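Colleague: Following this line is protein_24.cif, made up of mmCIF, C-alpha atoms (C1' of nucleotides):
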```cif
data_protein
loop_
_atom_site.label_atom_id
_atom_site.label_comp_id
_atom_site.auth_asym_id
_atom_site.auth_seq_id
_atom_site.Cartn_x
_atom_site.Cartn_y
_atom_site.Cartn_z
CA MET A 1427 80.44 -27.65 16.06
CA SER A 1428 77.85 -29.04 13.71
CA ILE A 1429 74.18 -28.96 14.36
CA LEU A 1430 72.62 -32.31 13.75
CA THR A 1431 69.52 -32.03 11.65
CA CYS A 1432 66.65 -34.15 10.43
CA GLN A 1433 67.83 -37.76 10.67
CA GLY A 1434 69.71 -36.89 13.82
CA VAL A 1435 67.69 -34.48 15.85
CA TYR A 1436 64.51 -32.46 15.55
CA MET A 1437 61.89 -32.71 12.84
CA ILE A 1438 59.02 -34.33 14.64
CA GLY A 1439 56.38 -32.79 12.44
CA GLY A 1440 56.66 -32.52 8.70
CA MET A 1441 58.02 -35.27 6.51
CA SER A 1442 54.51 -35.87 5.23
CA LEU A 1443 55.62 -36.24 1.65
CA ARG A 1444 57.99 -38.98 2.68
CA TYR A 1445 55.21 -40.98 4.26
CA ALA A 1446 52.77 -40.25 1.50
CA LEU A 1447 55.23 -41.85 -0.90
CA LEU A 1448 55.86 -44.80 1.35
CA GLY A 1449 52.11 -45.23 1.66
CA LEU A 1450 51.58 -45.16 -2.06
CA LEU A 1451 54.36 -47.64 -2.63
CA SER A 1452 52.94 -49.84 0.06
CA ALA A 1453 49.39 -49.75 -1.22
CA ALA A 1454 49.86 -49.53 -4.95
CA GLY A 1455 52.92 -51.74 -5.18
CA PRO A 1456 56.24 -51.03 -6.90
CA SER A 1457 56.13 -47.88 -9.02
CA SER A 1458 58.36 -45.38 -10.73
CA GLY A 1459 58.63 -41.72 -9.80
CA TYR A 1460 56.53 -40.94 -12.80
CA ASP A 1461 53.84 -43.38 -11.71
CA LEU A 1462 53.87 -41.91 -8.25
CA ALA A 1463 53.46 -38.40 -9.59
CA LYS A 1464 50.44 -39.60 -11.54
CA LEU A 1465 49.06 -41.48 -8.59
CA PHE A 1466 49.44 -38.38 -6.48
CA GLU A 1467 47.60 -36.34 -9.02
CA ASN A 1468 44.58 -38.54 -9.24
CA SER A 1469 44.20 -40.11 -5.89
CA ILE A 1470 45.74 -38.24 -3.05
CA ASN A 1471 45.46 -34.86 -4.71
CA HIS A 1472 42.55 -33.54 -2.70
CA VAL A 1473 44.42 -34.22 0.49
CA TRP A 1474 48.06 -33.52 -0.24
CA ARG A 1475 49.85 -32.22 -3.27
CA ALA A 1476 53.26 -32.77 -4.74
CA GLY A 1477 54.74 -32.32 -8.16
CA HIS A 1478 57.43 -34.42 -9.76
CA SER A 1479 60.10 -31.88 -8.87
CA GLN A 1480 59.44 -32.61 -5.25
CA ILE A 1481 58.91 -36.32 -5.68
CA TYR A 1482 62.12 -37.29 -7.46
CA PRO A 1483 64.49 -35.77 -4.90
CA GLU A 1484 62.49 -37.29 -2.07
CA LEU A 1485 62.71 -40.71 -3.68
CA SER A 1486 66.49 -40.31 -3.79
CA LYS A 1487 66.55 -39.57 -0.10
CA LEU A 1488 64.26 -42.47 0.69
CA HIS A 1489 66.55 -44.70 -1.30
CA ALA A 1490 69.62 -43.36 0.46
CA ASP A 1491 67.92 -44.07 3.77
CA GLY A 1492 67.12 -47.62 2.75
CA LEU A 1493 63.38 -47.20 3.04
CA ILE A 1494 62.84 -48.03 -0.61
CA GLU A 1495 64.85 -49.95 -3.17
CA VAL A 1496 65.15 -50.04 -6.93
CA GLU A 1497 63.36 -53.20 -7.84
CA ALA A 1498 63.83 -52.93 -11.58
CA GLU A 1499 64.77 -50.56 -14.36
CA GLY A 1500 62.62 -49.98 -17.39
CA PRO A 1501 62.94 -48.31 -20.79
CA ARG A 1502 64.07 -44.69 -20.63
CA GLY A 1503 65.86 -44.67 -17.33
CA ARG A 1504 62.65 -45.67 -15.65
CA LYS A 1505 63.35 -46.83 -12.15
CA ILE A 1506 60.81 -48.92 -10.32
CA TYR A 1507 60.95 -48.50 -6.59
CA ALA A 1508 59.62 -50.86 -3.97
CA ILE A 1509 59.17 -50.27 -0.27
CA THR A 1510 61.57 -52.18 1.98
CA PRO A 1511 60.75 -53.76 5.33
CA GLN A 1512 62.40 -50.80 7.05
CA GLY A 1513 60.24 -48.48 4.98
CA ARG A 1514 57.14 -50.34 6.02
CA ALA A 1515 58.22 -50.18 9.63
CA GLU A 1516 58.80 -46.42 9.45
CA LEU A 1517 55.42 -45.86 7.84
CA HIS A 1518 53.65 -47.85 10.52
CA GLN A 1519 55.59 -46.03 13.18
CA TRP A 1520 54.52 -42.69 11.78
CA LEU A 1521 50.89 -43.68 11.52
CA LEU A 1522 50.81 -45.02 15.04
CA GLU A 1523 52.61 -42.07 16.56
CA LYS A 1524 50.46 -39.87 18.69
CA GLY A 1525 50.36 -36.20 19.67
CA ARG A 1526 50.71 -35.16 16.10
CA GLU A 1527 48.43 -32.34 15.10
CA GLY A 1528 49.94 -31.59 11.75
CA PRO A 1529 49.50 -28.65 9.47
CA VAL A 1530 46.09 -27.70 8.19
CA ARG A 1531 45.94 -25.47 5.21
CA SER A 1532 43.03 -24.69 3.00
CA GLU A 1533 42.90 -21.63 0.88
CA GLY A 1534 39.20 -22.14 0.27
CA ALA A 1535 38.50 -22.09 3.97
CA LEU A 1536 40.79 -19.12 4.42
CA GLN A 1537 38.74 -17.17 1.94
CA ALA A 1538 35.64 -18.28 3.79
CA PHE A 1539 37.16 -16.73 6.83
CA LEU A 1540 38.11 -13.50 5.18
CA ILE A 1541 34.71 -12.75 3.73
CA SER A 1542 33.89 -11.26 7.14
CA ALA A 1543 36.03 -8.42 5.85
CA LEU A 1544 33.77 -7.75 2.90
CA PRO A 1545 30.38 -6.07 2.70
CA PRO A 1546 27.68 -8.79 2.40
CA ALA A 1547 26.76 -7.97 -1.18
CA GLU A 1548 30.31 -8.55 -2.38
CA ALA A 1549 30.81 -11.52 -0.10
CA ILE A 1550 27.97 -13.37 -1.78
CA GLY A 1551 29.81 -13.34 -5.07
CA VAL A 1552 32.95 -14.68 -3.48
CA VAL A 1553 31.16 -17.53 -1.75
CA GLU A 1554 29.33 -18.39 -4.93
CA ARG A 1555 32.56 -18.65 -6.81
CA VAL A 1556 34.21 -20.87 -4.22
CA ARG A 1557 31.04 -22.91 -4.13
CA ALA A 1558 31.26 -23.50 -7.86
CA MET A 1559 34.83 -24.71 -7.43
CA PHE A 1560 33.78 -27.26 -4.86
CA GLU A 1561 30.88 -28.30 -7.02
CA ARG A 1562 33.37 -29.23 -9.71
CA ARG A 1563 35.45 -31.07 -7.20
CA LEU A 1564 32.42 -33.02 -6.05
CA ALA A 1565 31.65 -34.05 -9.61
CA ASP A 1566 35.24 -35.18 -10.03
CA LEU A 1567 35.23 -37.20 -6.83
CA GLU A 1568 31.88 -38.75 -7.64
CA ALA A 1569 33.13 -39.82 -11.04
CA ARG A 1570 36.13 -41.39 -9.41
CA HIS A 1571 33.97 -43.13 -6.87
CA GLU A 1572 31.74 -44.51 -9.58
CA GLN A 1573 34.74 -45.74 -11.47
CA MET A 1574 36.27 -47.41 -8.43
CA SER A 1575 33.20 -49.13 -7.06
CA GLY A 1576 32.50 -50.36 -10.59
CA GLY A 1577 35.84 -52.15 -10.46
CA SER A 1578 36.72 -55.37 -8.69
CA GLY A 1579 35.28 -56.22 -5.30
CA GLY A 1580 35.27 -53.89 -2.36
CA ASP A 1581 38.92 -53.37 -1.68
CA TYR A 1582 40.06 -50.47 -3.79
CA PHE A 1583 42.92 -48.23 -2.91
CA GLY A 1584 42.25 -44.94 -1.19
CA ARG A 1585 38.69 -45.92 -0.53
CA TYR A 1586 38.49 -44.21 2.84
CA ALA A 1587 40.16 -41.07 1.66
CA LEU A 1588 37.77 -40.80 -1.24
CA ASP A 1589 34.86 -41.26 1.11
CA LEU A 1590 36.23 -38.53 3.34
CA GLY A 1591 36.72 -36.26 0.36
CA LEU A 1592 33.13 -36.74 -0.74
CA ARG A 1593 31.76 -36.07 2.70
CA GLN A 1594 33.84 -32.99 3.20
CA THR A 1595 33.05 -31.56 -0.18
CA ARG A 1596 29.34 -32.04 0.39
CA THR A 1597 29.66 -30.40 3.78
CA PHE A 1598 31.41 -27.46 2.20
CA LEU A 1599 28.56 -27.04 -0.27
CA GLU A 1600 26.05 -27.10 2.56
CA TRP A 1601 28.04 -24.46 4.36
CA ALA A 1602 28.18 -22.32 1.24
CA ASP A 1603 24.40 -22.51 0.82
CA ALA A 1604 23.77 -21.60 4.42
CA THR A 1605 26.27 -18.77 4.23
CA ILE A 1606 24.85 -17.35 1.03
CA ALA A 1607 21.38 -17.42 2.56
CA ASP A 1608 22.66 -15.64 5.63
CA LEU A 1609 24.52 -13.04 3.61
CA ARG A 1610 21.47 -12.39 1.49
CA ALA A 1611 19.41 -11.83 4.59
CA ARG A 1612 21.98 -9.35 5.86
CA ALA A 1613 22.34 -7.60 2.55
CA GLY A 1614 18.59 -7.32 2.21
CA SER A 1615 18.00 -5.90 5.67
CA MET B 15 70.56 -9.47 -15.78
CA SER B 16 68.16 -9.57 -12.91
CA ILE B 17 65.12 -11.75 -12.78
CA LEU B 18 62.10 -9.87 -11.61
CA THR B 19 60.26 -11.73 -8.92
CA CYS B 20 57.10 -11.51 -6.90
CA GLN B 21 55.86 -7.91 -7.16
CA GLY B 22 57.07 -7.84 -10.73
CA VAL B 23 56.37 -11.17 -12.32
CA TYR B 24 55.04 -14.58 -11.35
CA MET B 25 53.54 -15.59 -8.01
CA ILE B 26 49.89 -15.94 -8.88
CA GLY B 27 49.19 -18.51 -6.23
CA GLY B 28 50.58 -18.30 -2.73
CA MET B 29 50.72 -15.09 -0.75
CA SER B 30 47.97 -16.41 1.47
CA LEU B 31 49.62 -15.20 4.65
CA ARG B 32 49.71 -11.70 3.24
CA TYR B 33 45.97 -11.70 2.67
CA ALA B 34 45.21 -13.42 5.91
CA LEU B 35 46.94 -10.55 7.68
CA LEU B 36 45.19 -7.92 5.61
CA GLY B 37 41.90 -9.66 6.38
CA LEU B 38 42.56 -9.72 10.08
CA LEU B 39 43.55 -6.06 10.10
CA SER B 40 40.47 -5.24 8.11
CA ALA B 41 38.08 -7.19 10.29
CA ALA B 42 39.63 -6.80 13.72
CA GLY B 43 40.88 -3.24 13.31
CA PRO B 44 44.36 -1.86 14.00
CA SER B 45 46.60 -4.35 15.77
CA SER B 46 50.21 -5.08 16.59
CA GLY B 47 52.15 -8.05 15.29
CA TYR B 48 51.77 -9.62 18.67
CA ASP B 49 48.01 -9.14 18.58
CA LEU B 50 47.86 -10.62 15.12
CA ALA B 51 49.84 -13.66 16.19
CA LYS B 52 47.35 -14.16 19.01
CA LEU B 53 44.41 -13.61 16.72
CA PHE B 54 45.82 -16.15 14.33
CA GLU B 55 46.20 -18.63 17.08
CA ASN B 56 42.68 -18.47 18.30
CA SER B 57 40.59 -17.66 15.34
CA ILE B 58 42.05 -18.58 12.02
CA ASN B 59 44.14 -21.42 13.39
CA HIS B 60 42.00 -24.28 12.15
CA VAL B 61 42.24 -22.96 8.64
CA TRP B 62 45.68 -21.47 8.25
CA ARG B 63 48.64 -21.31 10.55
CA ALA B 64 51.43 -18.86 11.09
CA GLY B 65 53.79 -18.13 13.93
CA HIS B 66 55.19 -14.78 14.91
CA SER B 67 58.43 -15.47 13.10
CA GLN B 68 56.52 -15.51 9.88
CA ILE B 69 54.17 -12.70 10.77
CA TYR B 70 56.69 -9.99 11.68
CA PRO B 71 58.66 -10.15 8.44
CA GLU B 72 55.47 -10.22 6.41
CA LEU B 73 54.22 -7.14 8.20
CA SER B 74 57.43 -5.37 7.24
CA LYS B 75 56.88 -6.26 3.62
CA LEU B 76 53.25 -5.17 3.74
CA HIS B 77 54.39 -1.90 5.23
CA ALA B 78 57.06 -1.46 2.57
CA ASP B 79 54.41 -2.08 -0.07
CA GLY B 80 52.12 0.51 1.43
CA LEU B 81 49.32 -1.93 2.16
CA ILE B 82 49.43 -1.23 5.88
CA GLU B 83 50.68 1.68 7.94
CA VAL B 84 51.92 2.23 11.47
CA GLU B 85 49.03 3.94 13.12
CA ALA B 86 50.59 4.29 16.55
CA GLU B 87 53.42 3.05 18.73
CA GLY B 88 52.92 1.64 22.18
CA PRO B 89 55.07 0.74 25.21
CA ARG B 90 57.85 -1.72 24.40
CA GLY B 91 58.34 -1.03 20.74
CA ARG B 92 54.79 -2.09 20.13
CA LYS B 93 53.71 -1.00 16.68
CA ILE B 94 50.06 -0.81 15.81
CA TYR B 95 49.35 -1.40 12.16
CA ALA B 96 46.28 -0.39 10.22
CA ILE B 97 45.24 -1.43 6.77
CA THR B 98 45.46 1.30 4.13
CA PRO B 99 43.00 1.88 1.27
CA GLN B 100 45.45 0.21 -1.10
CA GLY B 101 45.59 -2.74 1.27
CA ARG B 102 41.86 -3.01 1.30
CA ALA B 103 41.79 -2.84 -2.48
CA GLU B 104 44.36 -5.62 -2.81
CA LEU B 105 42.46 -7.81 -0.39
CA HIS B 106 39.23 -7.36 -2.30
CA GLN B 107 41.03 -8.01 -5.54
CA TRP B 108 42.41 -11.26 -4.21
CA LEU B 109 39.08 -12.43 -2.88
CA LEU B 110 37.31 -11.66 -6.13
CA GLU B 111 39.96 -13.21 -8.31
CA LYS B 112 38.92 -16.42 -9.95
CA GLY B 113 40.60 -19.58 -11.17
CA ARG B 114 42.39 -19.99 -7.91
CA GLU B 115 42.40 -23.51 -6.61
CA GLY B 116 44.94 -23.05 -3.90
CA PRO B 117 46.82 -25.60 -1.88
CA VAL B 118 44.96 -28.12 0.19
CA ARG B 119 46.87 -29.81 2.89
CA SER B 120 45.65 -31.84 5.79
CA GLU B 121 47.81 -34.27 7.61
CA GLY B 122 44.78 -35.82 9.27
CA ALA B 123 43.24 -36.59 5.91
CA LEU B 124 46.56 -37.83 4.61
CA GLN B 125 46.70 -40.36 7.39
CA ALA B 126 43.14 -41.32 6.57
CA PHE B 127 44.35 -42.03 3.11
CA LEU B 128 47.33 -44.03 4.15
CA ILE B 129 45.47 -46.42 6.41
CA SER B 130 44.72 -48.38 3.26
CA ALA B 131 48.33 -49.45 3.66
CA LEU B 132 47.72 -51.01 7.05
CA PRO B 133 46.04 -54.25 8.03
CA PRO B 134 42.47 -53.45 9.26
CA ALA B 135 43.19 -54.35 12.87
CA GLU B 136 45.99 -51.79 13.11
CA ALA B 137 44.13 -49.25 11.04
CA ILE B 138 41.33 -49.13 13.57
CA GLY B 139 43.70 -47.87 16.20
CA VAL B 140 45.01 -45.17 13.93
CA VAL B 141 41.56 -43.93 13.01
CA GLU B 142 40.51 -43.95 16.64
CA ARG B 143 43.44 -41.80 17.56
CA VAL B 144 42.81 -39.28 14.81
CA ARG B 145 39.17 -39.32 15.76
CA ALA B 146 40.04 -38.40 19.32
CA MET B 147 42.07 -35.48 18.04
CA PHE B 148 39.13 -34.15 16.08
CA GLU B 149 36.87 -34.69 19.05
CA ARG B 150 39.07 -32.34 21.01
CA ARG B 151 39.00 -29.85 18.18
CA LEU B 152 35.23 -30.00 18.08
CA ALA B 153 35.03 -29.27 21.79
CA ASP B 154 37.35 -26.34 21.29
CA LEU B 155 35.36 -24.92 18.41
CA GLU B 156 32.10 -25.41 20.24
CA ALA B 157 33.42 -23.55 23.24
CA ARG B 158 34.49 -20.73 20.99
CA HIS B 159 31.12 -20.68 19.31
CA GLU B 160 29.35 -20.55 22.62
CA GLN B 161 31.56 -17.71 23.71
CA MET B 162 31.02 -15.73 20.54
CA SER B 163 27.27 -16.10 20.22
CA GLY B 164 26.99 -15.22 23.89
CA GLY B 165 28.60 -11.88 23.07
CA SER B 166 27.04 -8.85 21.41
CA GLY B 167 24.52 -9.20 18.60
CA GLY B 168 24.98 -11.43 15.61
CA ASP B 169 27.95 -9.91 13.90
CA TYR B 170 31.04 -11.54 15.34
CA PHE B 171 34.27 -11.87 13.49
CA GLY B 172 35.07 -15.11 11.74
CA ARG B 173 31.52 -16.31 12.17
CA TYR B 174 31.41 -18.13 8.87
CA ALA B 175 34.77 -19.73 9.26
CA LEU B 176 33.85 -21.01 12.66
CA ASP B 177 30.64 -22.43 11.27
CA LEU B 178 32.60 -24.13 8.52
CA GLY B 179 35.07 -25.50 11.03
CA LEU B 180 32.27 -26.98 13.12
CA ARG B 181 30.60 -28.58 10.14
CA GLN B 182 33.81 -30.05 8.83
CA THR B 183 34.90 -31.37 12.16
CA ARG B 184 31.55 -33.07 12.67
CA THR B 185 31.78 -34.54 9.20
CA PHE B 186 35.19 -35.89 9.98
CA LEU B 187 33.88 -37.59 13.10
CA GLU B 188 31.07 -39.16 11.09
CA TRP B 189 33.59 -40.43 8.58
CA ALA B 190 35.73 -41.85 11.36
CA ASP B 191 32.78 -43.73 12.82
CA ALA B 192 31.79 -45.15 9.46
CA THR B 193 35.36 -46.11 8.72
CA ILE B 194 35.90 -47.78 12.06
CA ALA B 195 32.71 -49.77 11.56
CA ASP B 196 33.85 -50.81 8.12
CA LEU B 197 37.29 -51.77 9.33
CA ARG B 198 35.85 -53.80 12.16
CA ALA B 199 33.66 -55.68 9.70
CA ARG B 200 36.69 -56.43 7.57
CA ALA B 201 38.87 -57.39 10.50
CA GLY B 202 36.17 -59.67 11.84
CA SER B 203 35.56 -61.44 8.57
"C1'" DC C 1353 63.94 -8.77 43.09
"C1'" DG C 1354 62.22 -12.42 40.52
"C1'" DC C 1355 58.86 -14.21 37.53
"C1'" DC C 1356 55.70 -14.04 33.94
"C1'" DC C 1357 53.85 -12.06 30.02
"C1'" DC C 1358 54.45 -8.55 26.40
"C1'" DA C 1359 56.82 -7.55 22.23
"C1'" DT C 1360 59.91 -7.90 18.41
"C1'" DG C 1361 62.95 -9.67 15.81
"C1'" DT C 1362 66.88 -12.97 13.26
"C1'" DA C 1363 69.11 -17.44 11.80
"C1'" DA C 1364 69.07 -21.87 10.14
"C1'" DT C 1365 66.65 -25.39 8.02
"C1'" DA C 1366 62.99 -27.69 5.70
"C1'" DA C 1367 59.30 -27.90 2.49
"C1'" DG C 1368 56.96 -26.55 -1.61
"C1'" DT C 1369 56.38 -24.22 -6.33
"C1'" DT C 1370 57.56 -22.74 -10.95
"C1'" DA C 1371 60.38 -22.76 -14.53
"C1'" DC C 1372 64.14 -24.71 -17.05
"C1'" DA C 1373 66.23 -28.56 -19.38
"C1'" DT C 1374 66.83 -32.96 -21.75
"C1'" DG C 1375 66.07 -36.98 -24.11
"C1'" DA C 1376 63.69 -41.65 -25.24
"C1'" DT C 1377 59.55 -44.11 -26.97
"C1'" DT C 1378 55.15 -44.63 -28.75
"C1'" DT C 1379 51.38 -43.08 -31.44
"C1'" DT C 1380 49.34 -40.79 -35.39
"C1'" DA D 482 58.20 -37.11 -39.54
"C1'" DA D 483 55.73 -34.74 -36.16
"C1'" DA D 484 53.32 -34.83 -31.95
"C1'" DA D 485 52.18 -36.67 -27.72
"C1'" DT D 486 53.51 -38.84 -23.77
"C1'" DC D 487 56.98 -41.15 -20.91
"C1'" DA D 488 60.63 -40.26 -17.81
"C1'" DT D 489 63.94 -37.90 -15.01
"C1'" DG D 490 66.11 -34.46 -13.22
"C1'" DT D 491 68.09 -29.31 -11.64
"C1'" DA D 492 67.82 -24.25 -10.52
"C1'" DA D 493 65.86 -20.44 -8.47
"C1'" DC D 494 62.75 -18.81 -5.53
"C1'" DT D 495 59.01 -18.55 -2.00
"C1'" DT D 496 56.93 -20.10 2.05
"C1'" DA D 497 56.92 -22.30 6.56
"C1'" DT D 498 58.96 -24.14 10.91
"C1'" DT D 499 62.00 -24.34 14.85
"C1'" DA D 500 65.18 -22.43 17.54
"C1'" DC D 501 67.83 -18.57 19.13
"C1'" DA D 502 68.10 -14.03 21.08
"C1'" DT D 503 66.87 -9.84 23.51
"C1'" DG D 504 64.73 -6.68 26.37
"C1'" DG D 505 60.68 -3.83 28.57
"C1'" DG D 506 56.85 -3.67 31.96
"C1'" DG D 507 53.69 -5.23 35.47
"C1'" DC D 508 52.88 -7.67 39.63
"C1'" DG D 509 53.61 -10.12 43.94
#
```
Translate this structure into structure tokens?
Modeller:
Amino acid sequence: MSILTCQGVYMIGGMSLRYALLGLLSAAGPSSGYDLAKLFENSINHVWRAGHSQIYPELSKLHADGLIEVEAEGPRGRKIYAITPQGRAELHQWLLEKGREGPVRSEGALQAFLISALPPAEAIGVVERVRAMFERRLADLEARHEQMSGGSGGDYFGRYALDLGLRQTRTFLEWADATIADLRARAGS
Amino acid sequence: MSILTCQGVYMIGGMSLRYALLGLLSAAGPSSGYDLAKLFENSINHVWRAGHSQIYPELSKLHADGLIEVEAEGPRGRKIYAITPQGRAELHQWLLEKGREGPVRSEGALQAFLISALPPAEAIGVVERVRAMFERRLADLEARHEQMSGGSGGDYFGRYALDLGLRQTRTFLEWADATIADLRARAGS
DNA sequence: CGCCCCATGTAATAAGTTACATGATTTT
DNA sequence: AAAATCATGTAACTTATTACATGGGGCG
């Protein structure tokens, strides 16, 4: 008796990496694993992370499943993958699927939560530190935005995600300011 | 030759569940694994997730490491854990630690990113669906906020996290509206 | 007595991270 | 020739998810 897994049965959630890769291949055109790792790092990074050690094996699986194909081979074993029609279909399917309330995971927000466990005076320091981190992120995203909108016309890749990232980072900073003010009031009382 | 892991060497990132549990025990007082699973579900859920199958083993480890102790035992094998001074110290340490830019992971935002891969007309539907999901979350958070602020004085648990959740959810809705408008403009052109 | 909730766990699998390992090409 | 970067992979481990499994206690 063998339990059918993944392709066969269960796994309704998850598989995000798979679709992230299909999405990148769809939007950025044919790319190598190396390219995709880079793309991940400086586009999708603030939303989902993956290193090359996760990307290469996943590309193999995608290839085995016929969702991508090797379009060409370059210099040092460089393989350029392209999304296939089946791949495109699966991606669309996944995006259109409903009832999916996938994983949410933010260590920054978790810390925000846990400061309730600290005395106000100490909590302030923690919030300030996290705030500084997000400040840096905002600068990074703004630079990227500048760079992108400076480019061609209006249709750059990841435009909506970048916009979302900017909004959320700014919101986080606002929250941090409000929280610090509140903590100060409590500490001072 | 044995490779020292975790307690001994590496693992600088990660361990978030561990600290989430310590934080809950610190803020909510002595609780059983079951209680903690419940607490997770309706307090910290929008920030970090964990099911009981992850919680129980982690509690065992925390106990083995002396960061929590069994304060009492109840009816059906119910064990009530309390955070120890060492546990409190570790939690503070972790919160104060710097240079930590932990994992960020949001499937909603990932989908937002990937819509670039869809023709505008289809993308609108996707964004609308995700938007609806966040609308439900907002209602949920608002209800919780209502409930909490209705309670005692001002010092409820997870107050800051809830505030952050509300702000971020509202921001997401704003983004969705702007994006839908933009997509409509593009689809109509 | 039967049902629902309390309460705890384990097993199997999937997903993610860090470190290890190797070698080719381009740039300085 | 050395250094940086391109390029791909594997191994070992941790973390997370889903399903399986069991039994006590309260209530109608």
Colleague: Please identify all residues of chain B having at least one atom at most 6 Å from any atom of chain A, considering all atoms listed in the file, and return them as a VMD selection string.
Modeller: chain B and resid 37 40 to 41 61 to 62 110 116 118 to 121 124 126 to 128 131 140 172 175
Colleague: Define the interface residues of chain B facing chain C as those within 7 Å, counting all atoms listed in the file, and report them as a PyMOL selection string.
Modeller: chain B and resi 48+90-92
Colleague: Which residues of chain B come within 8 Å of chain D, and what is each one's closest atom pair and distance in Å (one decimal), counting all atoms listed in the file, sorted by chain and residue number, as a tab-separated table?
Modeller:
```
residue	atom	partner	partner_atom	distance
B:Ala64	CA	D:DA497	C1'	7.9
B:Gln68	CA	D:DA497	C1'	7.6
B:Pro89	CA	D:DG505	C1'	8.0
B:Arg90	CA	D:DG505	C1'	5.5
```
Colleague: Could you please determine the separation between CA of Leu180 (chain B) and CA of Glu160 (chain B) in Å, to one decimal place?
Modeller: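 About the pair CA of Leu180 (chain B) and CA of Glu160 (chain B): they are 11.8 Å apart.
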Colleague: Report, in Å with one decimal, the straight-line distance from CA of Ala135 (chain B) to CA of Ser1457 (chain A).
Modeller: 26.2 Å
Colleague: I'd like the interatomic distance between CA of Glu83 (chain B) and CA of Thr98 (chain B), to a tenth of an Å.
Modeller: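 One can read the CA of Glu83 (chain B) to CA of Thr98 (chain B) distance as 6.5 Å.
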Colleague: If the PyMOL selection byres ((chain B and resi 82) around 7) is run on the structure shown, which residues does it catch, given as a PyMOL selection string?
Modeller: chain B and resi 76-77+80-81+83+95-98+101
Colleague: Quick one: of B:Pro134, B:Arg151, B:Ala103, B:Glu156, who's nearest to Gly202 (chain B), counting all atoms listed in the file?
Modeller: B:Pro134
Colleague: Assuming 5 Å of padding per side, give the centre and edge lengths of the axis-aligned box around every listed atom of region 1518-1524 of chain A, in Å to one decimal and as lines of an AutoDock Vina configuration file.
Modeller:
```
center_x = 53.0
center_y = -43.9
center_z = 14.6
size_x = 15.1
size_y = 18.0
size_z = 18.2
```
